[in-house]
$ cat start_7.json   # JSON, C-alpha atoms
[["chain", "number", "residue", "atom", "x", "y", "z"],
["A", 1, "MET", "CA", 0.00, 0.00, 0.00],
["A", 2, "GLY", "CA", 2.82, 2.43, 0.82],
["A", 3, "GLY", "CA", 4.17, 2.31, -2.75],
["A", 4, "THR", "CA", 0.92, 3.62, -4.16],
["A", 5, "MET", "CA", 0.59, 6.46, -1.67],
["A", 6, "THR", "CA", 3.89, 8.30, -1.84],
["A", 7, "GLU", "CA", 2.10, 11.61, -1.15],
["A", 8, "LEU", "CA", 1.24, 10.30, 2.32],
["A", 9, "ARG", "CA", 4.87, 9.76, 3.32],
["A", 10, "THR", "CA", 5.83, 11.89, 6.31],
["A", 11, "GLU", "CA", 8.76, 12.45, 8.64],
["A", 12, "VAL", "CA", 8.57, 12.89, 12.40],
["A", 13, "GLY", "CA", 12.10, 14.03, 13.03],
["A", 14, "LYS", "CA", 14.29, 11.07, 12.13],
["A", 15, "THR", "CA", 11.34, 8.67, 11.98],
["A", 16, "VAL", "CA", 10.08, 8.19, 8.42],
["A", 17, "LEU", "CA", 6.54, 6.88, 7.98],
["A", 18, "GLU", "CA", 5.27, 5.73, 4.58],
["A", 19, "LEU", "CA", 1.74, 6.35, 5.87],
["A", 20, "PRO", "CA", 0.89, 9.08, 8.41],
["A", 21, "GLY", "CA", -1.56, 7.24, 10.68],
["A", 22, "MET", "CA", -0.47, 5.16, 13.65],
["A", 23, "VAL", "CA", -2.34, 2.97, 16.11],
["A", 24, "ALA", "CA", -2.53, 4.83, 19.41],
["A", 25, "SER", "CA", -1.28, 3.12, 22.55],
["A", 26, "GLY", "CA", -3.79, 0.78, 24.18],
["A", 27, "ILE", "CA", -5.74, -0.32, 21.09],
["A", 28, "MET", "CA", -5.03, -3.60, 19.24],
["A", 29, "ASP", "CA", -1.41, -3.54, 20.35],
["A", 30, "GLU", "CA", -1.23, -6.12, 23.12],
["A", 31, "THR", "CA", 0.10, -8.97, 20.97],
["A", 32, "GLY", "CA", 2.48, -9.34, 18.08],
["A", 33, "ALA", "CA", -0.29, -10.74, 15.90],
["A", 34, "SER", "CA", -2.63, -7.79, 16.50],
["A", 35, "MET", "CA", 0.16, -5.29, 15.78],
["A", 36, "VAL", "CA", 0.97, -7.00, 12.49],
["A", 37, "ARG", "CA", -2.73, -6.90, 11.58],
["A", 38, "MET", "CA", -2.77, -3.12, 12.10],
["A", 39, "LEU", "CA", 0.29, -2.62, 9.89],
["A", 40, "ARG", "CA", -1.26, -4.69, 7.12],
["A", 41, "ALA", "CA", -4.48, -2.66, 7.38],
["A", 42, "GLY", "CA", -2.68, 0.58, 6.49],
["A", 43, "ALA", "CA", -1.17, 1.92, 9.70],
["A", 44, "GLY", "CA", 2.20, 3.58, 9.19],
["A", 45, "ALA", "CA", 3.30, 2.39, 12.64],
["A", 46, "VAL", "CA", 1.89, 0.84, 15.79],
["A", 47, "VAL", "CA", 2.40, 2.21, 19.28],
["A", 48, "THR", "CA", 2.42, -0.62, 21.81],
["A", 49, "LYS", "CA", 0.25, -0.61, 24.89],
["A", 50, "SER", "CA", 2.10, 1.06, 27.76],
["A", 51, "ILE", "CA", 4.54, -1.37, 29.35],
["A", 52, "GLY", "CA", 6.08, -1.18, 32.82],
["A", 53, "LEU", "CA", 8.90, -2.98, 34.59],
["A", 54, "VAL", "CA", 6.74, -5.67, 36.18],
["A", 55, "PRO", "CA", 3.36, -7.29, 35.40],
["A", 56, "LYS", "CA", 0.37, -5.17, 36.45],
["A", 57, "PRO", "CA", -3.24, -6.41, 36.59],
["A", 58, "GLY", "CA", -4.89, -3.00, 36.25],
["A", 59, "HIS", "CA", -8.14, -1.88, 37.85],
["A", 60, "ASP", "CA", -11.09, -4.12, 38.64],
["A", 61, "ASN", "CA", -14.16, -4.20, 36.40],
["A", 62, "PRO", "CA", -16.08, -2.20, 35.43],
["A", 63, "CYS", "CA", -13.20, -0.29, 33.86],
["A", 64, "PHE", "CA", -14.70, 0.72, 30.51],
["A", 65, "THR", "CA", -17.97, 2.25, 29.34],
["A", 66, "GLU", "CA", -19.39, 3.96, 26.26],
["A", 67, "VAL", "CA", -20.75, 7.50, 26.59],
["A", 68, "LYS", "CA", -22.25, 10.02, 24.19],
["A", 69, "GLY", "CA", -19.40, 11.02, 21.91],
["A", 70, "GLY", "CA", -16.89, 8.39, 22.94],
["A", 71, "PHE", "CA", -15.61, 6.06, 25.64],
["A", 72, "ILE", "CA", -14.37, 6.34, 29.21],
["A", 73, "ASN", "CA", -11.80, 3.84, 30.42],
["A", 74, "ALA", "CA", -9.94, 3.29, 33.65],
["A", 75, "MET", "CA", -7.89, 0.24, 32.74],
["A", 76, "GLY", "CA", -5.10, 1.07, 35.20],
["A", 77, "LEU", "CA", -2.22, 0.28, 32.83],
["A", 78, "PRO", "CA", -2.55, -3.53, 32.81],
["A", 79, "ASN", "CA", 0.47, -5.13, 31.13],
["A", 80, "PRO", "CA", 2.65, -8.25, 31.25],
["A", 81, "GLY", "CA", 5.86, -6.42, 32.16],
["A", 82, "ILE", "CA", 8.76, -5.57, 29.87],
["A", 83, "GLU", "CA", 10.47, -8.98, 30.00],
["A", 84, "LEU", "CA", 7.44, -10.95, 28.80],
["A", 85, "PHE", "CA", 6.59, -8.32, 26.16],
["A", 86, "LYS", "CA", 9.77, -9.17, 24.25],
["A", 87, "ALA", "CA", 7.97, -12.09, 22.58],
["A", 88, "GLU", "CA", 5.32, -9.76, 21.15],
["A", 89, "MET", "CA", 7.95, -7.33, 19.86],
["A", 90, "ASP", "CA", 9.88, -10.18, 18.25],
["A", 91, "GLU", "CA", 6.76, -11.14, 16.31],
["A", 92, "ALA", "CA", 5.77, -7.62, 15.24],
["A", 93, "VAL", "CA", 9.02, -5.75, 14.52],
["A", 94, "PRO", "CA", 9.92, -7.60, 11.28],
["A", 95, "HIS", "CA", 6.64, -6.43, 9.72],
["A", 96, "GLY", "CA", 6.89, -2.66, 10.22],
["A", 97, "LYS", "CA", 7.60, 0.23, 12.55],
["A", 98, "ILE", "CA", 6.76, -0.40, 16.21],
["A", 99, "VAL", "CA", 6.91, 2.43, 18.74],
["A", 100, "GLY", "CA", 7.38, 1.21, 22.31],
["A", 101, "SER", "CA", 5.17, 2.93, 24.88],
["A", 102, "VAL", "CA", 6.47, 2.83, 28.44],
["A", 103, "PHE", "CA", 5.41, 4.12, 31.85],
["A", 104, "GLY", "CA", 7.38, 4.42, 35.06],
["A", 105, "ALA", "CA", 7.34, 6.06, 38.47],
["A", 106, "ASN", "CA", 10.61, 7.97, 37.98],
["A", 107, "ALA", "CA", 13.29, 8.87, 35.45],
["A", 108, "GLY", "CA", 15.32, 5.74, 36.16],
["A", 109, "GLU", "CA", 12.42, 3.41, 35.42],
["A", 110, "PHE", "CA", 11.59, 5.24, 32.19],
["A", 111, "ALA", "CA", 15.22, 5.03, 31.06],
["A", 112, "GLU", "CA", 15.48, 1.32, 31.83],
["A", 113, "LEU", "CA", 12.25, 0.54, 30.00],
["A", 114, "ALA", "CA", 13.21, 2.65, 27.00],
["A", 115, "GLY", "CA", 16.52, 0.81, 26.75],
["A", 116, "LYS", "CA", 14.68, -2.52, 26.68],
["A", 117, "MET", "CA", 12.34, -1.29, 23.95],
["A", 118, "GLU", "CA", 15.34, -0.23, 21.88],
["A", 119, "ASP", "CA", 16.91, -3.65, 22.39],
["A", 120, "TYR", "CA", 13.64, -5.23, 21.23],
["A", 121, "GLY", "CA", 13.71, -3.32, 17.95],
["A", 122, "ALA", "CA", 11.39, -0.34, 18.60],
["A", 123, "CYS", "CA", 11.87, 2.46, 16.05],
["A", 124, "ALA", "CA", 11.08, 5.05, 18.74],
["A", 125, "VAL", "CA", 9.92, 5.14, 22.35],
["A", 126, "GLU", "CA", 6.79, 6.96, 23.55],
["A", 127, "LEU", "CA", 6.83, 8.08, 27.19],
["A", 128, "ASN", "CA", 3.40, 7.84, 28.78],
["A", 129, "LEU", "CA", 3.39, 11.02, 30.84],
["A", 130, "SER", "CA", -0.36, 11.43, 30.70],
["A", 131, "CYS", "CA", -2.50, 8.48, 31.84],
["A", 132, "PRO", "CA", -5.23, 10.10, 34.00],
["A", 133, "HIS", "CA", -6.27, 7.06, 36.05],
["A", 134, "ALA", "CA", -3.15, 5.29, 37.38],
["A", 135, "LYS", "CA", -1.96, 6.60, 40.73],
["A", 136, "GLY", "CA", 1.73, 7.42, 40.84],
["A", 137, "TYR", "CA", 2.18, 7.26, 37.09],
["A", 138, "GLY", "CA", 1.25, 9.10, 33.92],
["A", 139, "MET", "CA", -0.52, 12.41, 34.48],
["A", 140, "GLU", "CA", 0.67, 12.75, 38.09],
["A", 141, "ILE", "CA", 4.20, 12.92, 36.68],
["A", 142, "GLY", "CA", 3.38, 14.69, 33.43],
["A", 143, "ILE", "CA", 2.02, 17.92, 34.94],
["A", 144, "ASP", "CA", 5.37, 18.84, 36.55],
["A", 145, "PRO", "CA", 7.61, 20.59, 33.97],
["A", 146, "GLU", "CA", 10.86, 19.94, 35.84],
["A", 147, "LEU", "CA", 10.07, 16.27, 36.30],
["A", 148, "VAL", "CA", 9.10, 15.93, 32.64],
["A", 149, "LYS", "CA", 12.39, 17.51, 31.57],
["A", 150, "ASP", "CA", 14.36, 15.20, 33.89],
["A", 151, "ILE", "CA", 12.58, 12.08, 32.58],
["A", 152, "VAL", "CA", 13.00, 13.00, 28.92],
["A", 153, "SER", "CA", 16.66, 13.89, 29.47],
["A", 154, "ALA", "CA", 17.34, 10.61, 31.30],
["A", 155, "VAL", "CA", 15.73, 8.59, 28.52],
["A", 156, "LYS", "CA", 17.66, 10.50, 25.84],
["A", 157, "ASP", "CA", 20.87, 9.58, 27.64],
["A", 158, "ALA", "CA", 19.85, 5.92, 27.74],
["A", 159, "VAL", "CA", 18.81, 5.29, 24.12],
["A", 160, "SER", "CA", 19.77, 6.24, 20.58],
["A", 161, "ILE", "CA", 16.25, 5.91, 19.09],
["A", 162, "PRO", "CA", 13.89, 8.92, 18.99],
["A", 163, "VAL", "CA", 12.10, 9.82, 22.22],
["A", 164, "TRP", "CA", 8.46, 10.96, 22.03],
["A", 165, "ALA", "CA", 6.50, 12.30, 25.02],
["A", 166, "LYS", "CA", 2.73, 11.83, 25.22],
["A", 167, "LEU", "CA", 1.17, 14.75, 27.08],
["A", 168, "THR", "CA", -2.01, 15.26, 29.04],
["A", 169, "PRO", "CA", -4.64, 17.92, 28.26],
["A", 170, "ASN", "CA", -5.54, 17.97, 31.97],
["A", 171, "THR", "CA", -3.31, 20.92, 32.81],
["A", 172, "HIS", "CA", -3.21, 24.70, 32.40],
["A", 173, "MET", "CA", 0.53, 24.46, 31.70],
["A", 174, "LEU", "CA", 0.61, 22.53, 28.43],
["A", 175, "ASP", "CA", 2.92, 25.10, 26.85],
["A", 176, "ARG", "CA", 5.38, 24.77, 29.74],
["A", 177, "ILE", "CA", 5.19, 20.97, 29.62],
["A", 178, "GLY", "CA", 5.84, 21.05, 25.87],
["A", 179, "LEU", "CA", 8.86, 23.29, 26.35],
["A", 180, "ALA", "CA", 10.10, 20.95, 29.10],
["A", 181, "VAL", "CA", 10.03, 18.05, 26.62],
["A", 182, "GLN", "CA", 11.93, 20.14, 24.10],
["A", 183, "ASP", "CA", 14.47, 21.37, 26.68],
["A", 184, "GLY", "CA", 15.03, 17.78, 27.79],
["A", 185, "GLY", "CA", 16.00, 16.81, 24.25],
["A", 186, "GLY", "CA", 12.73, 15.13, 23.25],
["A", 187, "ASP", "CA", 12.34, 14.37, 19.55],
["A", 188, "ALA", "CA", 8.55, 14.78, 19.33],
["A", 189, "ILE", "CA", 5.41, 15.49, 21.33],
["A", 190, "VAL", "CA", 2.29, 13.33, 21.12],
["A", 191, "ALA", "CA", -0.87, 15.27, 22.02],
["A", 192, "ILE", "CA", -3.25, 14.47, 23.54],
["A", 193, "ASN", "CA", -4.03, 11.66, 25.95],
["A", 194, "THR", "CA", -7.54, 11.25, 27.38],
["A", 195, "LEU", "CA", -9.44, 13.85, 29.39],
["A", 196, "LYS", "CA", -10.17, 13.05, 33.02],
["A", 197, "ALA", "CA", -13.87, 12.12, 33.25],
["A", 198, "MET", "CA", -16.44, 10.03, 35.11],
["A", 199, "VAL", "CA", -19.89, 8.47, 34.88],
["A", 200, "ILE", "CA", -22.36, 8.19, 37.75],
["A", 201, "SER", "CA", -25.06, 5.52, 37.81],
["A", 202, "PRO", "CA", -28.31, 7.25, 38.85],
["A", 203, "GLU", "CA", -29.88, 3.95, 39.91],
["A", 204, "PHE", "CA", -27.07, 3.14, 42.34],
["A", 205, "ALA", "CA", -26.07, 6.74, 43.10],
["A", 206, "ARG", "CA", -22.43, 5.71, 42.72],
["A", 207, "PRO", "CA", -19.64, 6.21, 40.19],
["A", 208, "PHE", "CA", -19.93, 3.55, 37.47],
["A", 209, "LEU", "CA", -16.22, 2.76, 37.15],
["A", 210, "SER", "CA", -14.45, 0.84, 39.90],
["A", 211, "ASN", "CA", -11.75, 3.52, 39.90],
["A", 212, "ARG", "CA", -14.41, 6.28, 39.95],
["A", 213, "PHE", "CA", -12.49, 8.36, 37.41],
["A", 214, "GLY", "CA", -11.36, 7.45, 33.93],
["A", 215, "GLY", "CA", -10.15, 8.92, 30.66],
["A", 216, "LEU", "CA", -12.52, 10.21, 27.99],
["A", 217, "SER", "CA", -11.60, 9.39, 24.39],
["A", 218, "GLY", "CA", -13.37, 9.44, 21.03],
["A", 219, "PRO", "CA", -14.97, 12.19, 18.91],
["A", 220, "ALA", "CA", -15.85, 14.28, 21.98],
["A", 221, "VAL", "CA", -12.17, 15.13, 22.59],
["A", 222, "ARG", "CA", -11.08, 15.92, 19.01],
["A", 223, "ALA", "CA", -11.66, 19.67, 19.21],
["A", 224, "VAL", "CA", -9.61, 19.83, 22.41],
["A", 225, "GLY", "CA", -6.79, 17.86, 20.82],
["A", 226, "VAL", "CA", -6.74, 20.01, 17.71],
["A", 227, "ARG", "CA", -6.57, 23.16, 19.83],
["A", 228, "ASP", "CA", -3.75, 21.76, 21.95],
["A", 229, "VAL", "CA", -1.72, 20.78, 18.88],
["A", 230, "TYR", "CA", -2.35, 24.25, 17.43],
["A", 231, "ASP", "CA", -1.09, 25.87, 20.64],
["A", 232, "LEU", "CA", 1.95, 23.60, 20.88],
["A", 233, "TYR", "CA", 2.89, 24.33, 17.25],
["A", 234, "GLU", "CA", 3.26, 28.00, 18.19],
["A", 235, "THR", "CA", 5.25, 27.15, 21.34],
["A", 236, "VAL", "CA", 7.77, 24.43, 20.42],
["A", 237, "SER", "CA", 9.93, 23.69, 17.41],
["A", 238, "ILE", "CA", 10.05, 19.88, 17.68],
["A", 239, "PRO", "CA", 7.61, 17.73, 15.64],
["A", 240, "LEU", "CA", 4.06, 17.08, 16.85],
["A", 241, "ILE", "CA", 1.87, 13.98, 16.54],
["A", 242, "GLY", "CA", -1.87, 14.53, 16.89],
["A", 243, "VAL", "CA", -4.17, 12.08, 18.65],
["A", 244, "GLY", "CA", -7.67, 12.24, 20.07],
["A", 245, "GLY", "CA", -11.02, 11.61, 18.42],
["A", 246, "ILE", "CA", -9.84, 10.92, 14.87],
["A", 247, "SER", "CA", -12.41, 8.83, 13.01],
["A", 248, "ASP", "CA", -12.07, 9.98, 9.37],
["A", 249, "TRP", "CA", -9.76, 11.86, 7.01],
["A", 250, "ARG", "CA", -11.27, 15.25, 7.91],
["A", 251, "ASP", "CA", -10.32, 14.76, 11.55],
["A", 252, "ALA", "CA", -6.78, 13.77, 10.55],
["A", 253, "ALA", "CA", -6.49, 16.77, 8.23],
["A", 254, "GLN", "CA", -7.46, 19.13, 11.05],
["A", 255, "TYR", "CA", -4.62, 17.85, 13.22],
["A", 256, "ILE", "CA", -2.13, 18.13, 10.34],
["A", 257, "MET", "CA", -3.21, 21.66, 9.50],
["A", 258, "ALA", "CA", -2.95, 22.56, 13.20],
["A", 259, "GLY", "CA", 0.69, 21.46, 13.11],
["A", 260, "ALA", "CA", 0.95, 17.67, 13.43],
["A", 261, "ARG", "CA", 3.28, 15.77, 11.12],
["A", 262, "ALA", "CA", 1.50, 12.47, 11.81],
["A", 263, "PHE", "CA", -1.48, 11.24, 13.78],
["A", 264, "GLN", "CA", -2.69, 8.35, 15.91],
["A", 265, "VAL", "CA", -6.06, 6.60, 15.91],
["A", 266, "GLY", "CA", -7.45, 4.77, 18.94],
["A", 267, "SER", "CA", -11.17, 4.67, 19.71],
["A", 268, "ALA", "CA", -12.12, 4.55, 16.02],
["A", 269, "VAL", "CA", -10.14, 1.33, 15.62],
["A", 270, "ALA", "CA", -12.10, -0.20, 18.48],
["A", 271, "LYS", "CA", -15.37, 0.99, 16.96],
["A", 272, "ASP", "CA", -14.82, 0.57, 13.19],
["A", 273, "GLY", "CA", -12.03, -2.00, 12.99],
["A", 274, "PRO", "CA", -8.58, -1.91, 11.35],
["A", 275, "GLU", "CA", -10.15, -0.88, 8.04],
["A", 276, "ILE", "CA", -10.33, 2.67, 9.39],
["A", 277, "PHE", "CA", -6.72, 3.24, 8.31],
["A", 278, "GLY", "CA", -7.40, 2.40, 4.67],
["A", 279, "LYS", "CA", -10.43, 4.70, 4.67],
["A", 280, "ILE", "CA", -8.47, 7.59, 6.18],
["A", 281, "ASN", "CA", -5.54, 7.06, 3.80],
["A", 282, "ARG", "CA", -7.79, 7.08, 0.73],
["A", 283, "GLY", "CA", -9.75, 10.11, 1.93],
["A", 284, "LEU", "CA", -6.62, 12.09, 2.71],
["A", 285, "LYS", "CA", -5.06, 11.30, -0.66],
["A", 286, "GLU", "CA", -8.21, 12.32, -2.55],
["A", 287, "PHE", "CA", -8.43, 15.57, -0.57],
["A", 288, "MET", "CA", -4.77, 16.36, -1.20],
["A", 289, "MET", "CA", -5.16, 15.78, -4.93],
["A", 290, "ASP", "CA", -8.34, 17.88, -5.11],
["A", 291, "TYR", "CA", -6.88, 20.83, -3.18],
["A", 292, "GLY", "CA", -3.35, 20.82, -4.56],
["A", 293, "TYR", "CA", -1.37, 19.48, -1.61],
["A", 294, "GLY", "CA", 1.55, 17.47, -2.96],
["A", 295, "SER", "CA", 2.62, 16.05, 0.39],
["A", 296, "ILE", "CA", 1.78, 15.84, 4.06],
["A", 297, "GLU", "CA", 4.64, 18.28, 4.64],
["A", 298, "SER", "CA", 2.85, 20.91, 2.54],
["A", 299, "MET", "CA", -0.22, 20.65, 4.82],
["A", 300, "VAL", "CA", 1.54, 20.83, 8.19],
["A", 301, "GLY", "CA", 0.57, 23.98, 10.10],
["A", 302, "VAL", "CA", -1.21, 25.73, 7.20],
["A", 303, "ALA", "CA", -4.00, 26.84, 9.56],
["A", 304, "HIS", "CA", -1.48, 29.23, 11.14],
["A", 305, "GLU", "CA", -0.77, 31.12, 7.92]]
$ encode --input "start_7.json" --output "structure tokens"
Amino acid sequence: MGGTMTELRTEVGKTVLELPGMVASGIMDETGASMVRMLRAGAGAVVTKSIGLVPKPGHDNPCFTEVKGGFINAMGLPNPGIELFKAEMDEAVPHGKIVGSVFGANAGEFAELAGKMEDYGACAVELNLSCPHAKGYGMEIGIDPELVKDIVSAVKDAVSIPVWAKLTPNTHMLDRIGLAVQDGGGDAIVAINTLKAMVISPEFARPFLSNRFGGLSGPAVRAVGVRDVYDLYETVSIPLIGVGGISDWRDAAQYIMAGARAFQVGSAVAKDGPEIFGKINRGLKEFMMDYGYGSIESMVGVAHE
């Protein structure tokens, strides 16, 4: 498919993608077989589910629910641990670009995990600095600019592959967090992760999720994500990757025109299946031909002009 869609080729720093859409972390990326399926469906890369140092069961059920405009999940970062995940990477890496997503409680853990992902063949590492429902991880770390800079810097010292940082929208300091990633040597920013949210059951007068709070994803968050990418484009000089609520080519185009050089799709894969990538690729290519865009590069940030 990549050979017939040269206009869709894009570069995120040193990472070259033949197709601009990636599978976002946490969707169809738990096994080597599922990651290969996503690549064959038209994803330019797959971001693994977030992996930690040791196995983690995650939160009790119920940990997922559908709402108007999207989904709310409070999975709690369940994962098999970095050692066991090697088998999945071994299966997937020969078939395309795999970005390793990792989470840790401090800079040392992030650096160790990133090193393992590099050893396993990841083309880049994505630091989960933004999960809104795992105590001691993710967002609790990612809203402190100094800590973000220290983590990114430590990981840069530990690996030679590109380092991406996935940021939370649940802060009034997104510009400062973005600059902290850049100052720490980060190669790209992924924006955004889910918005902190909750559902209450009227019948039981209690929060529906076992964790009470979760992360909102899906179409309801797209406008927030587009705005955050737009703001970051005017704040930092490193590449941006847009994610949040993308379900068709128009959504992807908005992120690109706001300043993203590539994008990630999550909830739409869960809802519409892997075929969503082929549909987005075809739609984007047709739009680019109709409106005179010869490349993804020529679309990046045009909404600022």
$ atom_distance --input "start_7.json" --atom1 "CA of Lys156 in chain A" --atom2 "CA of Asp187 in chain A"
9.1 Å
$ atom_distance --input "start_7.json" --atom1 "CA of Arg40 in chain A" --atom2 "CA of Glu91 in chain A"
13.8 Å
$ atom_distance --input "start_7.json" --atom1 "CA of Gly115 in chain A" --atom2 "CA of Phe263 in chain A"
24.5 Å
$ residues_around --input "start_7.json" --residues "Pro274 in chain A" --least-positions-apart "4" --cutoff "7 Å" --atoms "all atoms listed in the file" --output "PDB file with C-alpha atoms, in the frame of the given file"
ATOM      1  CA  MET A  38      -2.770  -3.120  12.100  1.00  0.00           C
ATOM      2  CA  ALA A  41      -4.480  -2.660   7.380  1.00  0.00           C
ATOM      3  CA  VAL A 269     -10.140   1.330  15.620  1.00  0.00           C
TER       4      VAL A 269
END
$ residues_near_point --input "start_7.json" --point "(16.9, 23.6, 25.3)" --cutoff "12 Å" --atoms "all atoms listed in the file" --output "list in words"
Lys149, Val152, Ser153, Gly178, Leu179, Ala180, Val181, Gln182, Asp183, Gly184, Gly185, Gly186, Asp187, Val236, Ser237 and Ile238 of chain A
$ closest_residue --input "start_7.json" --among "A:Asn281, A:Lys271, A:Trp164, A:Thr235" --to "Ala252 in chain A" --atoms "all atoms listed in the file"
A:Asn281
$ residues_around --input "start_7.json" --residues "Gln254 in chain A" --least-positions-apart "3" --cutoff "10 Å" --atoms "all atoms listed in the file" --output "number ranges by chain"
A: 222-223, 225-227, 229-230, 242, 246, 249-251, 257-260, 299-303
$ closest_residue --input "start_7.json" --among "A:Ile143, A:Val99, A:Val23, A:Ala188" --to "Ala268 in chain A" --atoms "all atoms listed in the file"
A:Val23
$ residues_around --input "start_7.json" --residues "Gly108 in chain A" --least-positions-apart "6" --cutoff "9 Å" --atoms "all atoms listed in the file" --output "PyMOL selection string"
chain A and resi 151+154-155
$ residues_around --input "start_7.json" --residues "Pro62 in chain A" --least-positions-apart "3" --cutoff "10 Å" --atoms "only C-alpha atoms" --output "list of chain:residue names"
A:His59, A:Thr65, A:Asn73, A:Ala74, A:Met75, A:Phe208, A:Leu209, A:Ser210, A:Asn211, A:Arg212
$ closest_residue --input "start_7.json" --among "A:Ile200, A:Ala165, A:Leu174, A:Val159" --to "Glu234 in chain A" --atoms "all atoms listed in the file"
A:Leu174
$ closest_residue --input "start_7.json" --among "A:Gly70, A:Thr171, A:Met198, A:Ile98" --to "Val221 in chain A" --atoms "only C-alpha atoms"
A:Gly70
$ closest_residue --input "start_7.json" --among "A:Ser298, A:Thr31, A:Ser101, A:Ser25" --to "Leu113 in chain A" --atoms "all atoms listed in the file"
A:Ser101
$ residues_around --input "start_7.json" --residues "Pro169 in chain A" --least-positions-apart "2" --cutoff "8 Å" --atoms "all atoms listed in the file" --output "PyMOL selection string"
chain A and resi 167+171+174+191-195+224-225+228
$ closest_residue --input "start_7.json" --among "A:Met89, A:Val16, A:Ile72, A:Ala262" --to "Met35 in chain A" --atoms "all atoms listed in the file"
A:Met89
$ decode --input "start_7.json" --residues "range 25-72 of chain A" --atoms "C-alpha atoms" --output "CSV table (one decimal), in the first residue's frame"
chain,number,residue,atom,x,y,z
A,25,SER,CA,-1.3,3.1,22.6
A,26,GLY,CA,-3.8,0.8,24.2
A,27,ILE,CA,-5.7,-0.3,21.1
A,28,MET,CA,-5.0,-3.6,19.2
A,29,ASP,CA,-1.4,-3.5,20.3
A,30,GLU,CA,-1.2,-6.1,23.1
A,31,THR,CA,0.1,-9.0,21.0
A,32,GLY,CA,2.5,-9.3,18.1
A,33,ALA,CA,-0.3,-10.7,15.9
A,34,SER,CA,-2.6,-7.8,16.5
A,35,MET,CA,0.2,-5.3,15.8
A,36,VAL,CA,1.0,-7.0,12.5
A,37,ARG,CA,-2.7,-6.9,11.6
A,38,MET,CA,-2.8,-3.1,12.1
A,39,LEU,CA,0.3,-2.6,9.9
A,40,ARG,CA,-1.3,-4.7,7.1
A,41,ALA,CA,-4.5,-2.7,7.4
A,42,GLY,CA,-2.7,0.6,6.5
A,43,ALA,CA,-1.2,1.9,9.7
A,44,GLY,CA,2.2,3.6,9.2
A,45,ALA,CA,3.3,2.4,12.6
A,46,VAL,CA,1.9,0.8,15.8
A,47,VAL,CA,2.4,2.2,19.3
A,48,THR,CA,2.4,-0.6,21.8
A,49,LYS,CA,0.3,-0.6,24.9
A,50,SER,CA,2.1,1.1,27.8
A,51,ILE,CA,4.5,-1.4,29.3
A,52,GLY,CA,6.1,-1.2,32.8
A,53,LEU,CA,8.9,-3.0,34.6
A,54,VAL,CA,6.7,-5.7,36.2
A,55,PRO,CA,3.4,-7.3,35.4
A,56,LYS,CA,0.4,-5.2,36.4
A,57,PRO,CA,-3.2,-6.4,36.6
A,58,GLY,CA,-4.9,-3.0,36.2
A,59,HIS,CA,-8.1,-1.9,37.9
A,60,ASP,CA,-11.1,-4.1,38.6
A,61,ASN,CA,-14.2,-4.2,36.4
A,62,PRO,CA,-16.1,-2.2,35.4
A,63,CYS,CA,-13.2,-0.3,33.9
A,64,PHE,CA,-14.7,0.7,30.5
A,65,THR,CA,-18.0,2.3,29.3
A,66,GLU,CA,-19.4,4.0,26.3
A,67,VAL,CA,-20.8,7.5,26.6
A,68,LYS,CA,-22.2,10.0,24.2
A,69,GLY,CA,-19.4,11.0,21.9
A,70,GLY,CA,-16.9,8.4,22.9
A,71,PHE,CA,-15.6,6.1,25.6
A,72,ILE,CA,-14.4,6.3,29.2
